[in-house]
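Here's the structure we're looking at; comments come further down.
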Amino acid sequence: MASAESASQPRLDSWKEIAAYLKREVRTVQRWEAKEGLPVHRHQHDTQVTVYAFPAELDDWLAKRRPAQENGDSVVAVPSMPWWVLHRKALLSSGAALILIVIGIVWVGTRAVGARLGFQARDWVLLAGFENRTGEPLFDGTLQYALERELGNSRFVNVVPRERAEDALRLMRKPPDTKIDVATAREICLRDGGIKAVVTGRAEKLGSTYVFSVQLVEPKQGRALTGAEEQAAGQEQVWPAVRKLSNWVRLSLGEQLAGIQHNDELQQVTTPSLRARQLYTEAQALGRTGPPPRQWGASEQLVRQALEYDPDFASGWMLLAWSLRNQGKPLEEYGPFVKKAVELSTKASERERLFILGSYYGFVTGEREKAVEAYAALGRLYPDDLWARDNLIWVSTGEELPGLLMSYADLRPNDYSMNVDAGLAMSGRDPVKARHYLDRARALTTPETRKSGEDTELKLFPVHESWLKDDPKSALEELSRLAQDFNSLDPKGRRLFAQHAGLCYLGFGKVKTAEAWFQKIDDEPRVHNLLALAAYAGGDEKRCWEHAAKFFAHPGSAG
């Protein structure tokens, strides 16, 4: 609100008058107001809002702004200028020397940001939600996804997947679908411990021109270190603008310019349709979130709409196939869509092509070795692609699995189950490494995981260790001690503990004790299945077949 003293002064009553007084374009003045606090006031009328400013306040603001530009921090501030401003300054200069100086300042300034963050090759960045000020719903979530896809092309920068961010949100006791603003992103980074930078931004519209900006934020102090801006004359220019911003982020974090240029030559835009990208983004999000079987039916409908906008969308056909498969549809129904994706994959990026081929070989033709080869290559090039790694685990052999589970746990260090799986997988191979992952899992346990029995495998690990050391006495004593807490568990916890405890006793040859534990399970088909296993281990073929018959007689068990 303007002061009483200012109200008696002459005033400028529009953006045009303010811009003329400052001898700048309207867009520049609006940007100063949004980003640098230019003193512009607003008056609410019945149907609209008008802006006004006082020359004295503008003069005072300019006087304070100039010294800030002249101090030693100006080197870091230079990259926040739009590239076209720097280019224009270079063209207006009176010699090649000044052009080289400007280019040098940009290079040194952006490289300095990566150094200040301690950013190294394959470090992680987290994308916070982008603010949509355009008034067009089309840009809700689309720009963040577009930048994520572009940064995903980098072999220097890793983008934190949504799943890893959700792991931290659970530790913060927040819903997995929480919108990640800058404040939340900072807390995620601090809890995670392995994320070096936050990238945030916004979209605006000035007349018919879109203006997109990004900032690099240091997580510990929450300071914006530098920023950049790009413009797009229309929707068809949005993607090139996002690509330039992606390249700027990569350069700022320390990636070599030659690597960016080479990478851009290899990577292709999957679809020219912005609407198809938005629908694909929404479809993928629906498939990834929510309780099983998640929302694959809704995902299917959205991706079908995306394919109407672009019938040559290779990843669209692949996502359609996965949405059908994950709804339990037969191969005959989704297989043709996988083949369609393979046919179109030559026009897609390397990342998409490898995922499509891995899916084709792994779940259509059954060529396991080729599927492993494609998924493994994808994992080496893009370790942030969790879907690829998840699928690689499914098609891998028992010899390959422990190493994969370790790399998966390293990718998501705050995921309890993944660290337990990695620890248990390594327990018979490398006890030191197994202990590393299991200790990490212990640090992630909560009262909820204990009560629900989710930590049963972790609790039983000492039993397994004693068995490996050929010390059955200690193993049985530990098993008996753990069983004392059985009644304090909730129904799910009791079911899990009874199953695992029974299997442990069966491993020690105590068939009757194992059967007693199996009978505590409140799941009749599972009980008969496990009792059939116990009878088989005890050499009672008749009882084995009796329990097996009861198991298969239960609806759905034969599958």
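Chain lettering (A, B, ...) mirrors the order of the structure tokens, residue numbering begins at 1 for each chain separately, and ligand numbering begins at 1 in order of display.
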Contacts of Ala532 of chain A at 8 Å (only C-alpha atoms; same-chain gap of 3+ positions) as an mmCIF file with N, CA, C and O atoms, in the first residue's frame:
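Ended up saving to part_19.cif:
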```cif
data_model
loop_
_atom_site.group_PDB
_atom_site.id
_atom_site.type_symbol
_atom_site.label_atom_id
_atom_site.label_comp_id
_atom_site.auth_asym_id
_atom_site.auth_seq_id
_atom_site.Cartn_x
_atom_site.Cartn_y
_atom_site.Cartn_z
ATOM 1 N N HIS A 528 -3.221 -74.004 3.710
ATOM 2 C CA HIS A 528 -3.149 -75.323 3.060
ATOM 3 C C HIS A 528 -1.922 -75.428 2.160
ATOM 4 O O HIS A 528 -1.305 -76.509 2.083
ATOM 5 N N ASN A 529 -1.560 -74.346 1.502
ATOM 6 C CA ASN A 529 -0.372 -74.372 0.653
ATOM 7 C C ASN A 529 0.878 -74.650 1.490
ATOM 8 O O ASN A 529 1.719 -75.488 1.132
ATOM 9 N N ALA A 535 4.116 -81.058 4.964
ATOM 10 C CA ALA A 535 3.889 -82.504 4.839
ATOM 11 C C ALA A 535 4.889 -83.124 3.869
ATOM 12 O O ALA A 535 5.410 -84.223 4.104
ATOM 13 N N TYR A 536 5.164 -82.412 2.780
ATOM 14 C CA TYR A 536 6.145 -82.920 1.806
ATOM 15 C C TYR A 536 7.530 -83.022 2.456
ATOM 16 O O TYR A 536 8.237 -84.020 2.285
ATOM 17 N N ARG A 543 -0.822 -86.631 3.181
ATOM 18 C CA ARG A 543 -1.272 -85.349 3.720
ATOM 19 C C ARG A 543 -0.875 -84.193 2.796
ATOM 20 O O ARG A 543 -1.576 -83.182 2.690
ATOM 21 N N CYS A 544 0.237 -84.358 2.132
ATOM 22 C CA CYS A 544 0.661 -83.325 1.178
ATOM 23 C C CYS A 544 -0.389 -83.149 0.090
ATOM 24 O O CYS A 544 -0.796 -82.025 -0.227
ATOM 25 N N TRP A 545 -0.862 -84.258 -0.483
ATOM 26 C CA TRP A 545 -1.859 -84.178 -1.550
ATOM 27 C C TRP A 545 -3.205 -83.684 -1.014
ATOM 28 O O TRP A 545 -3.939 -82.973 -1.712
ATOM 29 N N GLU A 546 -3.538 -84.042 0.211
ATOM 30 C CA GLU A 546 -4.801 -83.578 0.790
ATOM 31 C C GLU A 546 -4.827 -82.058 0.921
ATOM 32 O O GLU A 546 -5.814 -81.400 0.560
ATOM 33 N N HIS A 547 -3.738 -81.500 1.471
ATOM 34 C CA HIS A 547 -3.679 -80.045 1.612
ATOM 35 C C HIS A 547 -3.583 -79.358 0.246
ATOM 36 O O HIS A 547 -4.178 -78.288 0.047
ATOM 37 N N ALA A 548 -2.867 -79.980 -0.678
ATOM 38 C CA ALA A 548 -2.748 -79.396 -2.014
ATOM 39 C C ALA A 548 -4.112 -79.338 -2.695
ATOM 40 O O ALA A 548 -4.455 -78.347 -3.366
#
```
Contacts of segment 414-443 of chain A with segment 455-465 of chain A up to 10 Å, shortest pair per row, only C-alpha atoms, as CSV:
```
residue,atom,partner,partner_atom,distance
A:Tyr416,CA,A:Asp455,CA,8.9
A:Ser417,CA,A:Asp455,CA,8.7
A:Asn419,CA,A:Leu458,CA,9.9
A:Val420,CA,A:Leu458,CA,6.6
A:Asp421,CA,A:Glu457,CA,9.0
A:Gly423,CA,A:Leu458,CA,8.8
A:Leu424,CA,A:Phe461,CA,7.6
A:Ser427,CA,A:Glu465,CA,7.6
A:Gly428,CA,A:Glu465,CA,8.5
A:Pro431,CA,A:Glu465,CA,8.6
A:Ala434,CA,A:Phe461,CA,10.0
A:Arg435,CA,A:Phe461,CA,9.7
A:Leu438,CA,A:Leu458,CA,7.0
A:Asp439,CA,A:Leu458,CA,9.4
A:Ala441,CA,A:Leu458,CA,8.0
A:Arg442,CA,A:Leu458,CA,7.7
```
Selection above as a file: N, CA, C and O atoms, as a CSV table (one decimal), in the first residue's frame:
```csv
chain,number,residue,atom,x,y,z
A,416,TYR,N,12.3,-48.5,2.9
A,416,TYR,CA,12.6,-49.6,3.8
A,416,TYR,C,12.6,-51.0,3.2
A,416,TYR,O,13.6,-51.7,3.3
A,417,SER,N,11.6,-51.3,2.4
A,417,SER,CA,11.6,-52.6,1.8
A,417,SER,C,12.7,-52.9,0.8
A,417,SER,O,13.2,-54.1,0.8
A,419,ASN,N,15.8,-51.8,0.9
A,419,ASN,CA,17.0,-52.0,1.7
A,419,ASN,C,17.0,-53.4,2.4
A,419,ASN,O,18.0,-54.1,2.5
A,420,VAL,N,15.8,-53.8,2.9
A,420,VAL,CA,15.6,-55.1,3.5
A,420,VAL,C,15.9,-56.2,2.4
A,420,VAL,O,16.7,-57.1,2.6
A,421,ASP,N,15.3,-56.0,1.2
A,421,ASP,CA,15.5,-57.0,0.1
A,421,ASP,C,17.0,-57.1,-0.2
A,421,ASP,O,17.5,-58.2,-0.5
A,423,GLY,N,19.6,-56.4,1.6
A,423,GLY,CA,20.4,-57.0,2.7
A,423,GLY,C,20.2,-58.5,2.8
A,423,GLY,O,21.1,-59.3,2.9
A,424,LEU,N,18.9,-58.9,2.6
A,424,LEU,CA,18.7,-60.4,2.7
A,424,LEU,C,19.3,-61.1,1.5
A,424,LEU,O,19.8,-62.2,1.6
A,427,SER,N,22.9,-61.6,2.2
A,427,SER,CA,23.3,-62.3,3.5
A,427,SER,C,24.1,-63.5,3.3
A,427,SER,O,24.9,-63.8,4.1
A,428,GLY,N,23.8,-64.3,2.3
A,428,GLY,CA,24.5,-65.5,2.1
A,428,GLY,C,25.8,-65.4,1.2
A,428,GLY,O,26.5,-66.3,1.0
A,431,PRO,N,28.3,-60.9,4.1
A,431,PRO,CA,27.7,-60.4,5.3
A,431,PRO,C,27.9,-58.9,5.6
A,431,PRO,O,27.1,-58.3,6.2
A,434,ALA,N,25.6,-57.0,3.4
A,434,ALA,CA,24.3,-57.3,3.9
A,434,ALA,C,24.0,-56.4,5.2
A,434,ALA,O,22.9,-55.8,5.3
A,435,ARG,N,24.9,-56.4,6.1
A,435,ARG,CA,24.7,-55.6,7.3
A,435,ARG,C,24.5,-54.1,7.0
A,435,ARG,O,23.7,-53.4,7.6
A,438,LEU,N,20.9,-53.7,5.8
A,438,LEU,CA,20.0,-54.0,6.9
A,438,LEU,C,20.0,-52.9,8.0
A,438,LEU,O,19.0,-52.6,8.6
A,439,ASP,N,21.2,-52.4,8.3
A,439,ASP,CA,21.3,-51.3,9.2
A,439,ASP,C,20.6,-50.1,8.7
A,439,ASP,O,20.0,-49.3,9.5
A,441,ALA,N,18.0,-50.1,6.8
A,441,ALA,CA,16.6,-50.4,6.9
A,441,ALA,C,16.2,-50.3,8.4
A,441,ALA,O,15.1,-49.7,8.7
A,442,ARG,N,17.0,-50.7,9.3
A,442,ARG,CA,16.6,-50.5,10.7
A,442,ARG,C,16.4,-49.1,11.1
A,442,ARG,O,15.5,-48.7,11.9
```
So that I can check the surroundings of Ala121 of chain A, please list as a PDB file with all heavy atoms, in the first residue's frame every protein, DNA and RNA residue that reaches within 10 Å of it, counting only C-alpha atoms and ignoring chain neighbours fewer than 5 positions away.
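Produced file result_9.pdb, reproduced below:
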```pdb
ATOM      1  N   ARG A 155      23.679 -37.404 -19.168  1.00  0.00           N
ATOM      2  CA  ARG A 155      24.464 -38.454 -18.539  1.00  0.00           C
ATOM      3  C   ARG A 155      25.322 -37.882 -17.413  1.00  0.00           C
ATOM      4  O   ARG A 155      26.207 -38.554 -16.894  1.00  0.00           O
ATOM      5  CB  ARG A 155      25.351 -39.151 -19.573  1.00  0.00           C
ATOM      6  CG  ARG A 155      24.549 -39.821 -20.678  1.00  0.00           C
ATOM      7  CD  ARG A 155      25.414 -40.628 -21.618  1.00  0.00           C
ATOM      8  NE  ARG A 155      24.630 -41.171 -22.706  1.00  0.00           N
ATOM      9  CZ  ARG A 155      25.116 -41.952 -23.660  1.00  0.00           C
ATOM     10  NH1 ARG A 155      26.393 -42.279 -23.649  1.00  0.00           N
ATOM     11  NH2 ARG A 155      24.349 -42.402 -24.624  1.00  0.00           N
ATOM     12  N   PHE A 156      25.061 -36.640 -17.044  1.00  0.00           N
ATOM     13  CA  PHE A 156      25.794 -35.960 -15.971  1.00  0.00           C
ATOM     14  C   PHE A 156      24.881 -35.698 -14.772  1.00  0.00           C
ATOM     15  O   PHE A 156      25.283 -35.850 -13.631  1.00  0.00           O
ATOM     16  CB  PHE A 156      26.366 -34.641 -16.503  1.00  0.00           C
ATOM     17  CG  PHE A 156      27.173 -33.874 -15.497  1.00  0.00           C
ATOM     18  CD1 PHE A 156      28.516 -34.160 -15.302  1.00  0.00           C
ATOM     19  CD2 PHE A 156      26.606 -32.853 -14.749  1.00  0.00           C
ATOM     20  CE1 PHE A 156      29.271 -33.454 -14.379  1.00  0.00           C
ATOM     21  CE2 PHE A 156      27.345 -32.146 -13.815  1.00  0.00           C
ATOM     22  CZ  PHE A 156      28.691 -32.449 -13.640  1.00  0.00           C
ATOM     23  N   VAL A 157      23.636 -35.306 -15.045  1.00  0.00           N
ATOM     24  CA  VAL A 157      22.671 -34.943 -14.000  1.00  0.00           C
ATOM     25  C   VAL A 157      21.662 -36.073 -13.820  1.00  0.00           C
ATOM     26  O   VAL A 157      21.141 -36.600 -14.801  1.00  0.00           O
ATOM     27  CB  VAL A 157      21.930 -33.641 -14.374  1.00  0.00           C
ATOM     28  CG1 VAL A 157      20.881 -33.300 -13.322  1.00  0.00           C
ATOM     29  CG2 VAL A 157      22.914 -32.500 -14.547  1.00  0.00           C
ATOM     30  N   ASN A 158      21.381 -36.426 -12.581  1.00  0.00           N
ATOM     31  CA  ASN A 158      20.313 -37.376 -12.273  1.00  0.00           C
ATOM     32  C   ASN A 158      19.131 -36.625 -11.659  1.00  0.00           C
ATOM     33  O   ASN A 158      19.314 -35.831 -10.731  1.00  0.00           O
ATOM     34  CB  ASN A 158      20.777 -38.436 -11.266  1.00  0.00           C
ATOM     35  CG  ASN A 158      21.596 -39.529 -11.912  1.00  0.00           C
ATOM     36  OD1 ASN A 158      21.531 -39.724 -13.121  1.00  0.00           O
ATOM     37  ND2 ASN A 158      22.369 -40.238 -11.116  1.00  0.00           N
ATOM     38  N   LEU A 253      25.343 -26.737 -13.602  1.00  0.00           N
ATOM     39  CA  LEU A 253      25.774 -27.738 -12.631  1.00  0.00           C
ATOM     40  C   LEU A 253      27.129 -28.335 -12.964  1.00  0.00           C
ATOM     41  O   LEU A 253      27.658 -29.135 -12.190  1.00  0.00           O
ATOM     42  CB  LEU A 253      24.718 -28.842 -12.526  1.00  0.00           C
ATOM     43  CG  LEU A 253      23.390 -28.394 -11.902  1.00  0.00           C
ATOM     44  CD1 LEU A 253      22.356 -29.502 -12.012  1.00  0.00           C
ATOM     45  CD2 LEU A 253      23.576 -27.986 -10.449  1.00  0.00           C
ATOM     46  N   GLY A 254      27.683 -27.955 -14.117  1.00  0.00           N
ATOM     47  CA  GLY A 254      29.049 -28.376 -14.420  1.00  0.00           C
ATOM     48  C   GLY A 254      29.203 -29.313 -15.587  1.00  0.00           C
ATOM     49  O   GLY A 254      30.316 -29.776 -15.866  1.00  0.00           O
ATOM     50  N   GLU A 255      28.115 -29.633 -16.302  1.00  0.00           N
ATOM     51  CA  GLU A 255      28.252 -30.518 -17.449  1.00  0.00           C
ATOM     52  C   GLU A 255      28.976 -29.804 -18.575  1.00  0.00           C
ATOM     53  O   GLU A 255      28.797 -28.610 -18.800  1.00  0.00           O
ATOM     54  CB  GLU A 255      26.872 -30.991 -17.917  1.00  0.00           C
ATOM     55  CG  GLU A 255      26.932 -32.066 -18.996  1.00  0.00           C
ATOM     56  CD  GLU A 255      25.586 -32.725 -19.245  1.00  0.00           C
ATOM     57  OE1 GLU A 255      24.619 -32.399 -18.520  1.00  0.00           O
ATOM     58  OE2 GLU A 255      25.509 -33.571 -20.151  1.00  0.00           O
TER      59      GLU A 255
END
```
Residue neighbourhood segment 338-347 of chain A, 8 Å, only C-alpha atoms, exclusion window fewer than 4 positions, as a ChimeraX atom specification: /A:268,270,312-318,321,334,352-353,356-357,359-360,364
With C-alpha atoms retained, export the selected residues as a PDB file, in the first residue's frame.
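Printed below is again.pdb as written:
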```
ATOM      1  CA  GLN A 268      14.766 -36.962 -30.035  1.00  0.00           C
ATOM      2  CA  THR A 270       9.027 -38.259 -28.558  1.00  0.00           C
ATOM      3  CA  ASP A 312       3.185 -42.134 -34.031  1.00  0.00           C
ATOM      4  CA  PHE A 313       3.858 -41.710 -30.298  1.00  0.00           C
ATOM      5  CA  ALA A 314       6.073 -44.749 -29.557  1.00  0.00           C
ATOM      6  CA  SER A 315       6.099 -44.397 -25.769  1.00  0.00           C
ATOM      7  CA  GLY A 316       2.339 -43.815 -25.862  1.00  0.00           C
ATOM      8  CA  TRP A 317       1.791 -47.242 -27.440  1.00  0.00           C
ATOM      9  CA  MET A 318       4.160 -48.777 -24.878  1.00  0.00           C
ATOM     10  CA  ALA A 321       0.380 -51.916 -23.461  1.00  0.00           C
ATOM     11  CA  TYR A 334      -1.664 -55.814 -25.390  1.00  0.00           C
ATOM     12  CA  GLU A 352      12.659 -44.767 -24.696  1.00  0.00           C
ATOM     13  CA  ARG A 353      13.942 -47.210 -27.290  1.00  0.00           C
ATOM     14  CA  ILE A 356      10.537 -50.461 -25.300  1.00  0.00           C
ATOM     15  CA  LEU A 357      12.930 -53.207 -26.419  1.00  0.00           C
ATOM     16  CA  SER A 359       9.586 -54.683 -22.467  1.00  0.00           C
ATOM     17  CA  TYR A 360       9.205 -56.412 -25.827  1.00  0.00           C
ATOM     18  CA  VAL A 364       6.182 -60.579 -25.300  1.00  0.00           C
TER      19      VAL A 364
END
```
Within 10 Å of Ala128 of chain A using only C-alpha atoms, minus same-chain residues under 5 positions, as a compact mmCIF listing (two decimals) with all heavy atoms, in the first residue's frame:
```
# COMPACT_ATOMS: atom_id res chain seq x y z
N GLN A 144 6.94 -29.03 -15.82
CA GLN A 144 7.83 -29.78 -14.94
C GLN A 144 8.16 -31.12 -15.57
O GLN A 144 9.32 -31.56 -15.55
CB GLN A 144 7.19 -29.98 -13.57
CG GLN A 144 8.10 -30.72 -12.59
CD GLN A 144 7.48 -30.85 -11.22
OE1 GLN A 144 6.54 -30.14 -10.89
NE2 GLN A 144 8.00 -31.75 -10.41
N LYS A 179 1.97 -32.09 -2.99
CA LYS A 179 2.60 -31.22 -3.97
C LYS A 179 3.93 -30.74 -3.43
O LYS A 179 4.02 -30.22 -2.31
CB LYS A 179 1.69 -30.02 -4.29
CG LYS A 179 2.27 -29.11 -5.37
CD LYS A 179 1.32 -27.97 -5.69
CE LYS A 179 1.90 -27.07 -6.76
NZ LYS A 179 0.99 -25.93 -7.08
N ILE A 180 4.98 -30.88 -4.20
CA ILE A 180 6.32 -30.55 -3.74
C ILE A 180 6.65 -29.12 -4.13
O ILE A 180 7.06 -28.83 -5.26
CB ILE A 180 7.36 -31.53 -4.33
CG1 ILE A 180 7.04 -32.96 -3.90
CG2 ILE A 180 8.77 -31.16 -3.86
CD1 ILE A 180 7.96 -34.01 -4.47
N ASP A 181 6.43 -28.20 -3.19
CA ASP A 181 6.86 -26.82 -3.40
C ASP A 181 8.33 -26.70 -2.94
O ASP A 181 8.94 -27.69 -2.54
CB ASP A 181 5.96 -25.84 -2.66
CG ASP A 181 5.86 -26.16 -1.17
OD1 ASP A 181 6.72 -26.89 -0.63
OD2 ASP A 181 4.91 -25.67 -0.53
N VAL A 182 8.87 -25.49 -2.98
CA VAL A 182 10.29 -25.32 -2.67
C VAL A 182 10.59 -25.69 -1.22
O VAL A 182 11.59 -26.36 -0.92
CB VAL A 182 10.74 -23.86 -2.96
CG1 VAL A 182 12.19 -23.66 -2.52
CG2 VAL A 182 10.61 -23.56 -4.45
N ALA A 183 9.71 -25.28 -0.30
CA ALA A 183 9.93 -25.59 1.12
C ALA A 183 9.93 -27.11 1.36
O ALA A 183 10.78 -27.64 2.07
CB ALA A 183 8.87 -24.91 1.97
N THR A 184 8.96 -27.79 0.75
CA THR A 184 8.89 -29.24 0.90
C THR A 184 10.09 -29.90 0.24
O THR A 184 10.66 -30.87 0.76
CB THR A 184 7.59 -29.78 0.29
OG1 THR A 184 6.47 -29.11 0.87
CG2 THR A 184 7.45 -31.28 0.51
N ALA A 185 10.49 -29.38 -0.93
CA ALA A 185 11.65 -29.93 -1.63
C ALA A 185 12.91 -29.82 -0.79
O ALA A 185 13.72 -30.75 -0.73
CB ALA A 185 11.85 -29.19 -2.96
N ARG A 186 13.07 -28.69 -0.10
CA ARG A 186 14.24 -28.53 0.77
C ARG A 186 14.25 -29.58 1.87
O ARG A 186 15.28 -30.19 2.16
CB ARG A 186 14.23 -27.14 1.41
CG ARG A 186 14.67 -26.01 0.51
CD ARG A 186 14.83 -24.75 1.34
NE ARG A 186 15.79 -24.94 2.39
CZ ARG A 186 15.73 -24.33 3.58
NH1 ARG A 186 14.74 -23.50 3.86
NH2 ARG A 186 16.66 -24.54 4.48
N VAL A 198 17.96 -28.12 -5.81
CA VAL A 198 16.54 -28.06 -6.14
C VAL A 198 16.38 -27.16 -7.37
O VAL A 198 16.99 -26.10 -7.44
CB VAL A 198 15.71 -27.48 -4.98
CG1 VAL A 198 14.26 -27.27 -5.39
CG2 VAL A 198 15.78 -28.41 -3.77
N VAL A 199 15.58 -27.60 -8.32
CA VAL A 199 15.26 -26.80 -9.50
C VAL A 199 13.79 -26.43 -9.42
O VAL A 199 12.94 -27.31 -9.27
CB VAL A 199 15.54 -27.56 -10.81
CG1 VAL A 199 15.19 -26.70 -12.02
CG2 VAL A 199 17.00 -27.99 -10.89
N THR A 200 13.50 -25.15 -9.49
CA THR A 200 12.11 -24.71 -9.46
C THR A 200 11.91 -23.69 -10.58
O THR A 200 12.87 -23.23 -11.19
CB THR A 200 11.76 -24.09 -8.10
OG1 THR A 200 10.36 -23.79 -8.08
CG2 THR A 200 12.55 -22.82 -7.84
N GLY A 201 10.67 -23.34 -10.84
CA GLY A 201 10.43 -22.39 -11.93
C GLY A 201 8.97 -22.00 -12.03
O GLY A 201 8.14 -22.39 -11.20
```
